[in-house]
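Quick look at my_file11.cif (mmCIF, C-alpha atoms):
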```cif
data_model
loop_
_atom_site.label_atom_id
_atom_site.label_comp_id
_atom_site.auth_asym_id
_atom_site.auth_seq_id
_atom_site.Cartn_x
_atom_site.Cartn_y
_atom_site.Cartn_z
CA MET A 1 -20.15 -30.27 11.26
CA THR A 2 -19.38 -26.91 9.73
CA ALA A 3 -22.41 -27.24 7.44
CA SER A 4 -24.57 -28.08 10.44
CA THR A 5 -23.29 -24.97 12.23
CA THR A 6 -24.24 -22.90 9.23
CA ARG A 7 -27.73 -24.38 9.13
CA ARG A 8 -28.46 -23.62 12.78
CA PRO A 9 -26.82 -20.28 13.45
CA GLY A 10 -28.56 -19.72 16.78
CA GLY A 11 -28.38 -23.34 17.91
CA ARG A 12 -26.32 -25.06 20.56
CA THR A 13 -23.57 -26.05 18.12
CA ALA A 14 -23.08 -22.45 17.04
CA ARG A 15 -23.02 -21.25 20.65
CA ASN A 16 -20.50 -23.96 21.55
CA THR A 17 -18.34 -23.06 18.57
CA ALA A 18 -18.31 -19.39 19.52
CA ALA A 19 -17.49 -20.23 23.15
CA VAL A 20 -14.70 -22.63 22.17
CA PHE A 21 -13.15 -20.19 19.66
CA THR A 22 -13.23 -17.36 22.21
CA ALA A 23 -11.68 -19.62 24.86
CA THR A 24 -9.02 -20.72 22.37
CA VAL A 25 -7.95 -17.16 21.59
CA ASP A 26 -8.08 -16.20 25.28
CA GLU A 27 -5.95 -19.20 26.25
CA LEU A 28 -3.51 -18.38 23.48
CA ALA A 29 -3.27 -14.78 24.67
CA ASP A 30 -2.85 -15.69 28.33
CA ARG A 31 -0.56 -18.70 28.14
CA GLY A 32 0.82 -19.23 24.62
CA PHE A 33 0.44 -22.17 22.22
CA ASP A 34 2.87 -24.53 23.96
CA GLU A 35 1.15 -24.25 27.33
CA ILE A 36 -2.45 -24.77 26.30
CA SER A 37 -4.39 -27.96 25.58
CA ILE A 38 -7.78 -29.15 24.38
CA GLU A 39 -8.54 -29.81 28.06
CA SER A 40 -7.68 -26.26 29.19
CA ILE A 41 -9.63 -24.73 26.31
CA ALA A 42 -12.68 -26.93 26.94
CA ALA A 43 -12.62 -26.05 30.65
CA ARG A 44 -12.44 -22.34 29.87
CA ALA A 45 -15.29 -22.60 27.36
CA GLY A 46 -17.45 -24.63 29.78
CA VAL A 47 -17.73 -27.45 27.22
CA HIS A 48 -16.91 -31.12 27.70
CA LYS A 49 -13.47 -31.99 26.34
CA THR A 50 -14.76 -34.95 24.33
CA THR A 51 -17.02 -32.53 22.44
CA VAL A 52 -13.95 -30.50 21.47
CA TYR A 53 -11.91 -33.59 20.55
CA ARG A 54 -14.73 -35.00 18.42
CA ARG A 55 -15.25 -31.73 16.57
CA TRP A 56 -11.65 -30.50 15.99
CA GLY A 57 -9.43 -33.51 16.65
CA SER A 58 -6.27 -31.66 17.67
CA LYS A 59 -5.13 -28.49 19.37
CA THR A 60 -3.39 -27.38 16.18
CA GLU A 61 -6.53 -27.73 14.08
CA LEU A 62 -8.63 -25.96 16.72
CA VAL A 63 -6.21 -23.03 16.95
CA ARG A 64 -6.06 -22.84 13.15
CA GLN A 65 -9.86 -22.64 12.86
CA ALA A 66 -10.21 -20.21 15.77
CA LEU A 67 -7.67 -17.86 14.21
CA ALA A 68 -9.29 -18.16 10.77
CA ALA A 69 -12.70 -17.30 12.28
CA THR A 70 -11.12 -14.37 14.13
CA ALA A 71 -9.49 -13.14 10.91
CA GLN A 72 -12.90 -13.25 9.19
CA SER A 73 -14.81 -11.54 11.99
CA MET A 74 -12.21 -8.78 12.37
CA ILE A 75 -12.72 -7.70 8.80
CA GLU A 76 -15.61 -5.41 8.30
CA VAL A 77 -14.39 -4.21 4.94
CA PRO A 78 -15.23 -0.50 4.74
CA ASP A 79 -16.87 0.82 1.57
CA THR A 80 -17.34 4.55 2.08
CA GLY A 81 -16.84 5.69 -1.51
CA THR A 82 -13.31 7.05 -1.09
CA VAL A 83 -10.15 5.02 -0.65
CA GLY A 84 -8.75 7.48 1.91
CA GLU A 85 -11.68 6.97 4.27
CA ASP A 86 -11.75 3.20 3.64
CA LEU A 87 -8.08 2.91 4.60
CA ARG A 88 -8.52 5.16 7.62
CA LEU A 89 -11.35 3.01 8.99
CA LEU A 90 -9.36 -0.15 8.33
CA SER A 91 -6.36 1.31 10.12
CA ARG A 92 -8.56 2.31 13.06
CA ALA A 93 -9.79 -1.31 13.28
CA VAL A 94 -6.20 -2.62 13.38
CA GLN A 95 -5.30 0.00 15.99
CA ALA A 96 -8.35 -0.91 18.12
CA THR A 97 -7.30 -4.57 18.07
CA LEU A 98 -3.58 -4.10 18.69
CA GLY A 99 -4.24 -1.30 21.18
CA SER A 100 -6.48 -3.42 23.42
CA PRO A 101 -4.83 -5.53 26.15
CA ARG A 102 -6.39 -8.74 24.83
CA GLY A 103 -5.51 -7.99 21.19
CA ALA A 104 -1.94 -7.07 22.11
CA ALA A 105 -1.53 -10.23 24.21
CA THR A 106 -2.99 -12.49 21.50
CA THR A 107 -0.77 -10.89 18.87
CA ARG A 108 2.39 -11.30 20.95
CA SER A 109 1.48 -14.86 21.82
CA VAL A 110 0.73 -15.90 18.25
CA LEU A 111 3.88 -14.22 16.91
CA ALA A 112 6.03 -15.87 19.57
CA GLY A 113 4.45 -19.19 18.62
CA ALA A 114 5.07 -18.52 14.93
CA ALA A 115 8.75 -17.84 15.58
CA ALA A 116 9.03 -21.24 17.29
CA SER A 117 6.75 -23.47 15.24
CA PRO A 118 6.28 -24.17 11.50
CA GLU A 119 2.66 -25.19 12.22
CA ILE A 120 1.82 -21.76 13.65
CA ARG A 121 3.73 -20.06 10.84
CA ALA A 122 1.54 -21.90 8.34
CA MET A 123 -1.58 -20.89 10.31
CA MET A 124 -0.49 -17.28 10.29
CA ALA A 125 0.20 -17.33 6.55
CA ARG A 126 -3.39 -18.52 6.08
CA PHE A 127 -4.66 -15.86 8.49
CA TRP A 128 -2.96 -13.13 6.41
CA ASP A 129 -4.22 -14.59 3.14
CA THR A 130 -7.77 -14.55 4.49
CA ARG A 131 -7.51 -10.95 5.65
CA LEU A 132 -5.83 -9.74 2.48
CA ALA A 133 -8.31 -11.43 0.16
CA ALA A 134 -11.20 -9.66 1.89
CA ILE A 135 -9.45 -6.30 2.07
CA ALA A 136 -8.19 -6.28 -1.53
CA ALA A 137 -11.67 -5.09 -2.61
CA ILE A 138 -10.85 -1.64 -1.18
CA ILE A 139 -7.93 -1.25 -3.56
CA ASP A 140 -9.70 -2.77 -6.55
CA ARG A 141 -12.56 -0.28 -6.14
CA ALA A 142 -10.09 2.62 -5.76
CA VAL A 143 -8.33 1.66 -9.00
CA ALA A 144 -11.69 1.36 -10.78
CA ARG A 145 -12.66 4.86 -9.57
CA GLY A 146 -9.32 6.25 -10.79
CA GLU A 147 -8.17 7.13 -7.25
CA LEU A 148 -5.07 4.91 -7.42
CA PRO A 149 -2.77 3.96 -10.31
CA ALA A 150 -3.60 0.81 -12.30
CA GLY A 151 -1.65 -2.18 -11.05
CA THR A 152 -1.59 -1.05 -7.42
CA GLU A 153 -0.82 -4.14 -5.30
CA PRO A 154 -3.41 -4.54 -2.52
CA SER A 155 -0.92 -6.36 -0.31
CA GLY A 156 1.61 -3.53 -0.59
CA VAL A 157 -0.94 -0.93 0.53
CA MET A 158 -2.34 -3.11 3.30
CA HIS A 159 1.05 -3.92 4.78
CA ALA A 160 1.91 -0.20 4.64
CA VAL A 161 -1.24 0.55 6.66
CA ALA A 162 -0.56 -2.15 9.25
CA ALA A 163 3.26 -2.04 9.58
CA PRO A 164 3.60 1.21 11.59
CA LEU A 165 0.98 0.00 14.07
CA TYR A 166 2.66 -3.37 14.64
CA TYR A 167 6.00 -1.54 14.84
CA ARG A 168 4.74 0.62 17.70
CA LEU A 169 3.36 -2.41 19.51
CA LEU A 170 6.35 -4.71 19.01
CA VAL A 171 9.40 -2.47 18.59
CA THR A 172 9.12 0.98 20.11
CA GLY A 173 6.51 -0.03 22.69
CA GLU A 174 4.71 3.30 22.42
CA PRO A 175 0.95 3.43 23.02
CA LEU A 176 -1.25 3.15 19.93
CA THR A 177 -3.60 6.08 19.41
CA PRO A 178 -6.32 6.74 16.83
CA GLU A 179 -4.06 9.51 15.48
CA ASP A 180 -1.36 6.89 14.78
CA ALA A 181 -3.94 4.91 12.83
CA ASP A 182 -4.92 7.95 10.76
CA GLU A 183 -1.28 8.79 10.08
CA SER A 184 -0.40 5.29 8.88
CA ALA A 185 -3.44 5.27 6.58
CA ALA A 186 -2.51 8.70 5.19
CA ALA A 187 1.10 7.62 4.63
CA ALA A 188 0.03 4.42 2.85
CA LEU A 189 -2.38 6.39 0.67
CA ALA A 190 0.25 8.99 -0.31
CA ALA A 191 2.69 6.23 -1.25
CA ALA A 192 0.02 4.35 -3.22
CA ARG A 193 -0.97 7.50 -5.10
CA ALA A 194 2.69 8.13 -5.96
CA GLY A 195 2.78 4.66 -7.54
CA VAL A 196 5.12 3.06 -4.98
CA PHE A 197 2.97 -0.10 -4.82
CA SER A 198 2.10 -0.19 -8.52
CA ARG A 199 3.43 -3.12 -10.54
CA ALA A 200 1.80 -2.07 -13.80
CA MET B 1 37.50 4.55 31.76
CA THR B 2 35.61 5.78 28.73
CA ALA B 3 37.97 8.76 28.47
CA SER B 4 40.95 6.42 28.70
CA THR B 5 39.47 4.30 25.87
CA THR B 6 39.18 7.38 23.72
CA ARG B 7 42.76 8.42 24.40
CA ARG B 8 44.20 5.04 23.42
CA PRO B 9 42.04 3.87 20.53
CA GLY B 10 44.40 1.05 19.52
CA GLY B 11 45.32 0.00 23.06
CA ARG B 12 44.43 -3.06 25.08
CA THR B 13 41.49 -1.36 26.77
CA ALA B 14 39.92 -0.49 23.43
CA ARG B 15 40.45 -4.02 22.12
CA ASN B 16 38.95 -5.49 25.30
CA THR B 17 35.99 -3.15 25.06
CA ALA B 18 35.31 -4.14 21.45
CA ALA B 19 35.64 -7.85 22.30
CA VAL B 20 33.34 -7.57 25.32
CA PHE B 21 30.67 -5.58 23.42
CA THR B 22 30.74 -8.06 20.55
CA ALA B 23 30.46 -10.97 22.98
CA THR B 24 27.59 -9.22 24.78
CA VAL B 25 25.54 -8.80 21.61
CA ASP B 26 26.35 -12.35 20.50
CA GLU B 27 25.31 -13.77 23.86
CA LEU B 28 22.14 -11.71 23.77
CA ALA B 29 21.34 -12.98 20.28
CA ASP B 30 22.08 -16.63 21.10
CA ARG B 31 20.60 -16.95 24.57
CA GLY B 32 18.58 -13.87 25.57
CA PHE B 33 19.04 -11.43 28.45
CA ASP B 34 17.77 -13.68 31.23
CA GLU B 35 20.15 -16.53 30.40
CA ILE B 36 23.38 -14.60 30.10
CA SER B 37 25.80 -13.36 32.79
CA ILE B 38 28.96 -11.33 33.18
CA GLU B 39 30.75 -14.70 33.47
CA SER B 40 29.37 -16.07 30.19
CA ILE B 41 30.12 -12.81 28.37
CA ALA B 42 33.66 -12.62 29.74
CA ALA B 43 34.33 -16.23 28.75
CA ARG B 44 33.06 -15.61 25.23
CA ALA B 45 35.19 -12.46 24.92
CA GLY B 46 38.29 -14.20 26.28
CA VAL B 47 38.60 -11.62 29.06
CA HIS B 48 38.81 -12.22 32.80
CA LYS B 49 35.46 -11.75 34.52
CA THR B 50 36.90 -9.44 37.19
CA THR B 51 37.97 -7.06 34.37
CA VAL B 52 34.37 -6.95 33.18
CA TYR B 53 32.96 -6.53 36.70
CA ARG B 54 35.41 -3.72 37.50
CA ARG B 55 34.65 -1.87 34.29
CA TRP B 56 30.85 -2.24 33.94
CA GLY B 57 29.65 -3.36 37.37
CA SER B 58 26.49 -5.17 36.28
CA LYS B 59 25.09 -7.16 33.39
CA THR B 60 22.39 -4.53 32.88
CA GLU B 61 24.91 -1.70 32.56
CA LEU B 62 27.10 -3.76 30.23
CA VAL B 63 24.18 -4.64 27.95
CA ARG B 64 23.07 -1.00 27.96
CA GLN B 65 26.50 0.23 26.87
CA ALA B 66 26.98 -2.54 24.31
CA LEU B 67 23.63 -1.70 22.70
CA ALA B 68 24.40 2.04 22.75
CA ALA B 69 27.76 1.41 21.05
CA THR B 70 26.03 -0.83 18.49
CA ALA B 71 23.43 1.87 17.82
CA GLN B 72 26.23 4.38 17.19
CA SER B 73 28.30 2.11 14.96
CA MET B 74 25.27 1.03 12.89
CA ILE B 75 24.62 4.59 11.85
CA GLU B 76 26.64 5.76 8.95
CA VAL B 77 24.37 8.67 8.21
CA PRO B 78 24.19 9.02 4.42
CA ASP B 79 24.65 12.48 2.89
CA THR B 80 24.29 12.04 -0.87
CA GLY B 81 22.69 15.38 -1.69
CA THR B 82 19.14 14.08 -2.18
CA VAL B 83 16.77 12.89 0.53
CA GLY B 84 15.49 10.05 -1.65
CA GLU B 85 18.92 8.48 -1.95
CA ASP B 86 19.77 9.17 1.71
CA LEU B 87 16.61 7.36 2.83
CA ARG B 88 17.22 4.49 0.41
CA LEU B 89 20.73 3.90 1.76
CA LEU B 90 19.48 4.11 5.33
CA SER B 91 16.73 1.61 4.56
CA ARG B 92 19.27 -0.72 2.92
CA ALA B 93 21.36 -0.56 6.11
CA VAL B 94 18.34 -1.52 8.26
CA GLN B 95 17.49 -4.32 5.83
CA ALA B 96 21.08 -5.62 5.87
CA THR B 97 21.00 -5.76 9.68
CA LEU B 98 17.53 -7.29 10.09
CA GLY B 99 18.08 -9.59 7.11
CA SER B 100 21.24 -11.17 8.54
CA PRO B 101 20.88 -14.17 10.86
CA ARG B 102 22.81 -12.43 13.66
CA GLY B 103 20.93 -9.15 13.29
CA ALA B 104 17.57 -10.94 13.23
CA ALA B 105 18.47 -13.01 16.30
CA THR B 106 19.73 -9.99 18.26
CA THR B 107 16.63 -8.02 17.35
CA ARG B 108 14.26 -10.81 18.42
CA SER B 109 16.20 -11.37 21.63
CA VAL B 110 16.30 -7.71 22.60
CA LEU B 111 12.60 -7.21 21.79
CA ALA B 112 11.64 -10.29 23.81
CA GLY B 113 13.72 -8.91 26.67
CA ALA B 114 12.07 -5.51 26.34
CA ALA B 115 8.61 -7.07 26.55
CA ALA B 116 9.59 -8.75 29.83
CA SER B 117 11.75 -6.14 31.56
CA PRO B 118 11.43 -2.40 32.29
CA GLU B 119 15.26 -2.16 32.38
CA ILE B 120 15.58 -3.40 28.80
CA ARG B 121 12.68 -1.19 27.73
CA ALA B 122 14.58 1.83 29.10
CA MET B 123 17.74 0.66 27.28
CA MET B 124 15.84 0.33 24.03
CA ALA B 125 14.30 3.79 24.40
CA ARG B 126 17.84 5.17 24.71
CA PHE B 127 18.95 3.09 21.72
CA TRP B 128 16.20 4.62 19.56
CA ASP B 129 16.95 8.14 20.82
CA THR B 130 20.61 7.72 19.86
CA ARG B 131 19.76 6.45 16.39
CA LEU B 132 17.11 9.08 15.75
CA ALA B 133 19.28 11.98 16.88
CA ALA B 134 21.98 10.97 14.39
CA ILE B 135 19.57 10.29 11.56
CA ALA B 136 17.49 13.45 11.99
CA ALA B 137 20.18 15.35 10.05
CA ILE B 138 18.92 13.70 6.83
CA ILE B 139 15.51 15.28 7.28
CA ASP B 140 16.82 18.65 8.47
CA ARG B 141 19.00 18.91 5.33
CA ALA B 142 16.08 17.89 3.10
CA VAL B 143 13.86 20.60 4.60
CA ALA B 144 16.66 23.18 4.16
CA ARG B 145 17.00 22.16 0.47
CA GLY B 146 13.24 22.48 -0.01
CA GLU B 147 12.79 18.77 -0.74
CA LEU B 148 10.39 18.23 2.17
CA PRO B 149 7.77 20.48 3.77
CA ALA B 150 8.83 22.67 6.70
CA GLY B 151 8.04 21.02 10.03
CA THR B 152 8.58 17.47 8.80
CA GLU B 153 9.14 15.29 11.88
CA PRO B 154 12.34 13.23 11.50
CA SER B 155 11.00 10.50 13.79
CA GLY B 156 7.85 10.10 11.66
CA VAL B 157 9.88 9.61 8.48
CA MET B 158 12.40 7.30 10.13
CA HIS B 159 9.77 5.05 11.67
CA ALA B 160 8.02 4.91 8.29
CA VAL B 161 11.27 3.71 6.68
CA ALA B 162 11.92 1.08 9.35
CA ALA B 163 8.40 -0.18 10.15
CA PRO B 164 7.76 -2.25 7.00
CA LEU B 165 11.13 -4.00 7.43
CA TYR B 166 10.52 -4.91 11.07
CA TYR B 167 6.98 -5.96 10.11
CA ARG B 168 8.32 -8.46 7.57
CA LEU B 169 10.81 -9.82 10.12
CA LEU B 170 8.44 -10.02 13.08
CA VAL B 171 4.92 -10.41 11.68
CA THR B 172 4.71 -11.89 8.19
CA GLY B 173 8.04 -13.74 8.43
CA GLU B 174 8.83 -13.09 4.76
CA PRO B 175 12.48 -12.74 3.70
CA LEU B 176 13.86 -9.19 3.58
CA THR B 177 15.23 -8.16 0.19
CA PRO B 178 17.00 -4.99 -1.00
CA GLU B 179 13.86 -4.29 -3.07
CA ASP B 180 11.80 -4.23 0.14
CA ALA B 181 14.23 -1.67 1.54
CA ASP B 182 13.91 0.52 -1.55
CA GLU B 183 10.11 0.25 -1.46
CA SER B 184 9.85 1.27 2.20
CA ALA B 185 12.16 4.25 1.59
CA ALA B 186 10.12 5.31 -1.46
CA ALA B 187 6.85 4.98 0.49
CA ALA B 188 8.20 7.03 3.42
CA LEU B 189 9.46 9.71 1.03
CA ALA B 190 6.13 9.96 -0.82
CA ALA B 191 4.28 10.31 2.49
CA ALA B 192 6.77 12.92 3.77
CA ARG B 193 6.46 14.93 0.54
CA ALA B 194 2.68 14.85 0.86
CA GLY B 195 3.05 16.41 4.33
CA VAL B 196 1.87 13.39 6.32
CA PHE B 197 4.70 13.81 8.84
CA SER B 198 4.64 17.62 8.91
CA ARG B 199 3.63 19.32 12.16
CA ALA B 200 4.09 22.85 10.84
#
```
So that I can check it, write out the structure of this file as structure tokens.
Amino acid sequence: MTASTTRRPGGRTARNTAAVFTATVDELADRGFDEISIESIAARAGVHKTTVYRRWGSKTELVRQALAATAQSMIEVPDTGTVGEDLRLLSRAVQATLGSPRGAATTRSVLAGAAASPEIRAMMARFWDTRLAAIAAIIDRAVARGELPAGTEPSGVMHAVAAPLYYRLLVTGEPLTPEDADESAAAALAAARAGVFSRA
Amino acid sequence: MTASTTRRPGGRTARNTAAVFTATVDELADRGFDEISIESIAARAGVHKTTVYRRWGSKTELVRQALAATAQSMIEVPDTGTVGEDLRLLSRAVQATLGSPRGAATTRSVLAGAAASPEIRAMMARFWDTRLAAIAAIIDRAVARGELPAGTEPSGVMHAVAAPLYYRLLVTGEPLTPEDADESAAAALAAARAGVFSRA
């Protein structure tokens, strides 16, 4: 079915997939994993529930695929020519997501689910792997250009960019501004330049 | 009553206060703000509930004071002579708290409560103010010694130390090691040295 979706990007299957994934993330944000069902997602997407059952089989598999697709679509990996600007744009993208009501609600809902369920924890681990694999290119290019020390760990830099933004959302509860995004990118860059994330 | 506690540090009032605060944080960690009561806290502390009512009046006030006392007692502000070592020890203390089962449970419980209740959000804001005021001395001394740029914001540095540790606990779910604590302190220091947190 995935192959068929790929072959007909503008077709009904692709439109249904997009609608179902959007409804899945919306349901997750509004009500949390435990409260939602294939039926409630199908109703929200305006798709018959048997279509959803046939295609994804279970709520867990549907949520897993919806989150994976979201992780992919959220990553427009910047390639501006300097690592500082690449990290700043990436940080702005994280801030735009976490700073929006829907992004904040989805994040809280998924994290609450992850705390309670090994299945969601496994989904989230995959979500992070997907994001990190795409984003690692930024660091690899920076090392190749001589902007960062050899052996700089992409995951160390990326978590340093994201952590202060999640911290504001989840711990201090302060609003997330573009300036916060720029500051966390600048802090991560300074630490990376100083070799803090270098394992070489 | 607070004055009386101070005057008789080894007396029955002080012992009751310590027992009630410990029971409050334990109840909060095990069951969450909504589920606990003055009665359940008093029972856990082995103190009569009328003693607790007379002294603190309400569950909200009791939780507020217990968290404030915890915030105070958690801060042994390091003063080793170098900002790098001060920040490392501080980061190790945060890691020891968040990395322990009780500390992790209390943190999750309080944050869940804060997301749901303006009263707990106000308590947490006070908690952070108390911690930051005590810890700011580390940065003020570092600026006076010329280790950090003039105008370095203590709160910027402190949040940079803490954010990666909370992020591991709350977002990625990875275990928290002493090495993580040292890395977050080193990253915060490199960023502070580079002037990222300087408003001068």
Open item on the list: With 6 Å as the limit and counting all atoms listed in the file, what residues in chain B lie close to chain A? Please list them as a PyMOL selection string.
Closed with: chain B and resi 163-164+167+187+190-191
Task: the PyMOL selection byres ((chain A and resi 154) around 9) applied to the shown file, residues as a ChimeraX atom specification - done: /A:132-133,135-140,152-153,155-159,197
Task: Two-atom distance - atom CA of A:Tyr53, atom CA of A:Phe21 (Å) - done: 13.5 Å
TODO: Would you work out the distance separating atom CA of A:Ala18 from atom CA of A:Thr130, expressed in Å to one decimal?
DONE: 19.0 Å
Around (21.4, -10.6, 32.2) in the file's own coordinates, what residues are found within 9 Å if you use all atoms listed in the file, given back as a PDB file with C-alpha atoms, in the coordinates of the input?
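The new file selection01.pdb reads:
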```
ATOM      1  CA  LEU B  28      22.140 -11.710  23.770  1.00  0.00           C
ATOM      2  CA  GLY B  32      18.580 -13.870  25.570  1.00  0.00           C
ATOM      3  CA  PHE B  33      19.040 -11.430  28.450  1.00  0.00           C
ATOM      4  CA  ASP B  34      17.770 -13.680  31.230  1.00  0.00           C
ATOM      5  CA  GLU B  35      20.150 -16.530  30.400  1.00  0.00           C
ATOM      6  CA  ILE B  36      23.380 -14.600  30.100  1.00  0.00           C
ATOM      7  CA  SER B  37      25.800 -13.360  32.790  1.00  0.00           C
ATOM      8  CA  ILE B  38      28.960 -11.330  33.180  1.00  0.00           C
ATOM      9  CA  SER B  58      26.490  -5.170  36.280  1.00  0.00           C
ATOM     10  CA  LYS B  59      25.090  -7.160  33.390  1.00  0.00           C
ATOM     11  CA  THR B  60      22.390  -4.530  32.880  1.00  0.00           C
ATOM     12  CA  VAL B  63      24.180  -4.640  27.950  1.00  0.00           C
TER      13      VAL B  63
END
```
- [ ] Please measure the separation of atom CA of A:Phe127 and atom CA of A:Asp79, giving the value in Å to one decimal.
- [x]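 Straight-line distance from atom CA of A:Phe127 to atom CA of A:Asp79 works out to 21.8 Å.
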TODO: Quick one: everything within 12 Å of A:Lys49, counting only C-alpha atoms, minus sequence neighbours fewer than 2 positions away in the same chain. Send it as JSON, numbers by chain.
DONE: {"A": [16, 20, 37, 38, 39, 40, 41, 42, 43, 44, 45, 46, 47, 51, 52, 53, 54, 55, 56, 57, 58, 59]}
- [ ] Point out the residue among B:Ala122, B:Ala150, B:Leu87, B:Val143 with the least atom-to-atom distance to B:Arg199, counting all atoms listed in the file.
- [x]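 Among B:Ala122, B:Ala150, B:Leu87, B:Val143, it is B:Ala150 that comes nearest to B:Arg199.
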Using all atoms listed in the file, which protein or nucleic acid residues come within 10 Å of B:Ala93? Drop anything in the same chain fewer than 5 positions from it, and give the result as a PDB file with C-alpha atoms, keeping the file's coordinate frame.
```pdb
ATOM      1  CA  MET B  74      25.270   1.030  12.890  1.00  0.00           C
ATOM      2  CA  ILE B  75      24.620   4.590  11.850  1.00  0.00           C
ATOM      3  CA  GLU B  76      26.640   5.760   8.950  1.00  0.00           C
ATOM      4  CA  VAL B  77      24.370   8.670   8.210  1.00  0.00           C
ATOM      5  CA  LEU B  87      16.610   7.360   2.830  1.00  0.00           C
ATOM      6  CA  ARG B  88      17.220   4.490   0.410  1.00  0.00           C
ATOM      7  CA  LEU B  98      17.530  -7.290  10.090  1.00  0.00           C
ATOM      8  CA  GLY B  99      18.080  -9.590   7.110  1.00  0.00           C
ATOM      9  CA  PRO B 178      17.000  -4.990  -1.000  1.00  0.00           C
ATOM     10  CA  ALA B 181      14.230  -1.670   1.540  1.00  0.00           C
TER      11      ALA B 181
END
```
Centre, edges in Å (one decimal): axis-aligned box, stretch 12-30 of chain B, 5 Å padding on all six sides, as JSON:
```
{"center_x": 32.9, "center_y": -8.6, "center_z": 23.5, "size_x": 33.1, "size_y": 26.1, "size_z": 16.5}
```
TODO: Taking the file as shown, find all residues satisfying the PyMOL selection byres ((chain A and resi 81) around 10) and write them as a PyMOL selection string.
DONE: chain A and resi 78-80+82-86+138+141-142+145
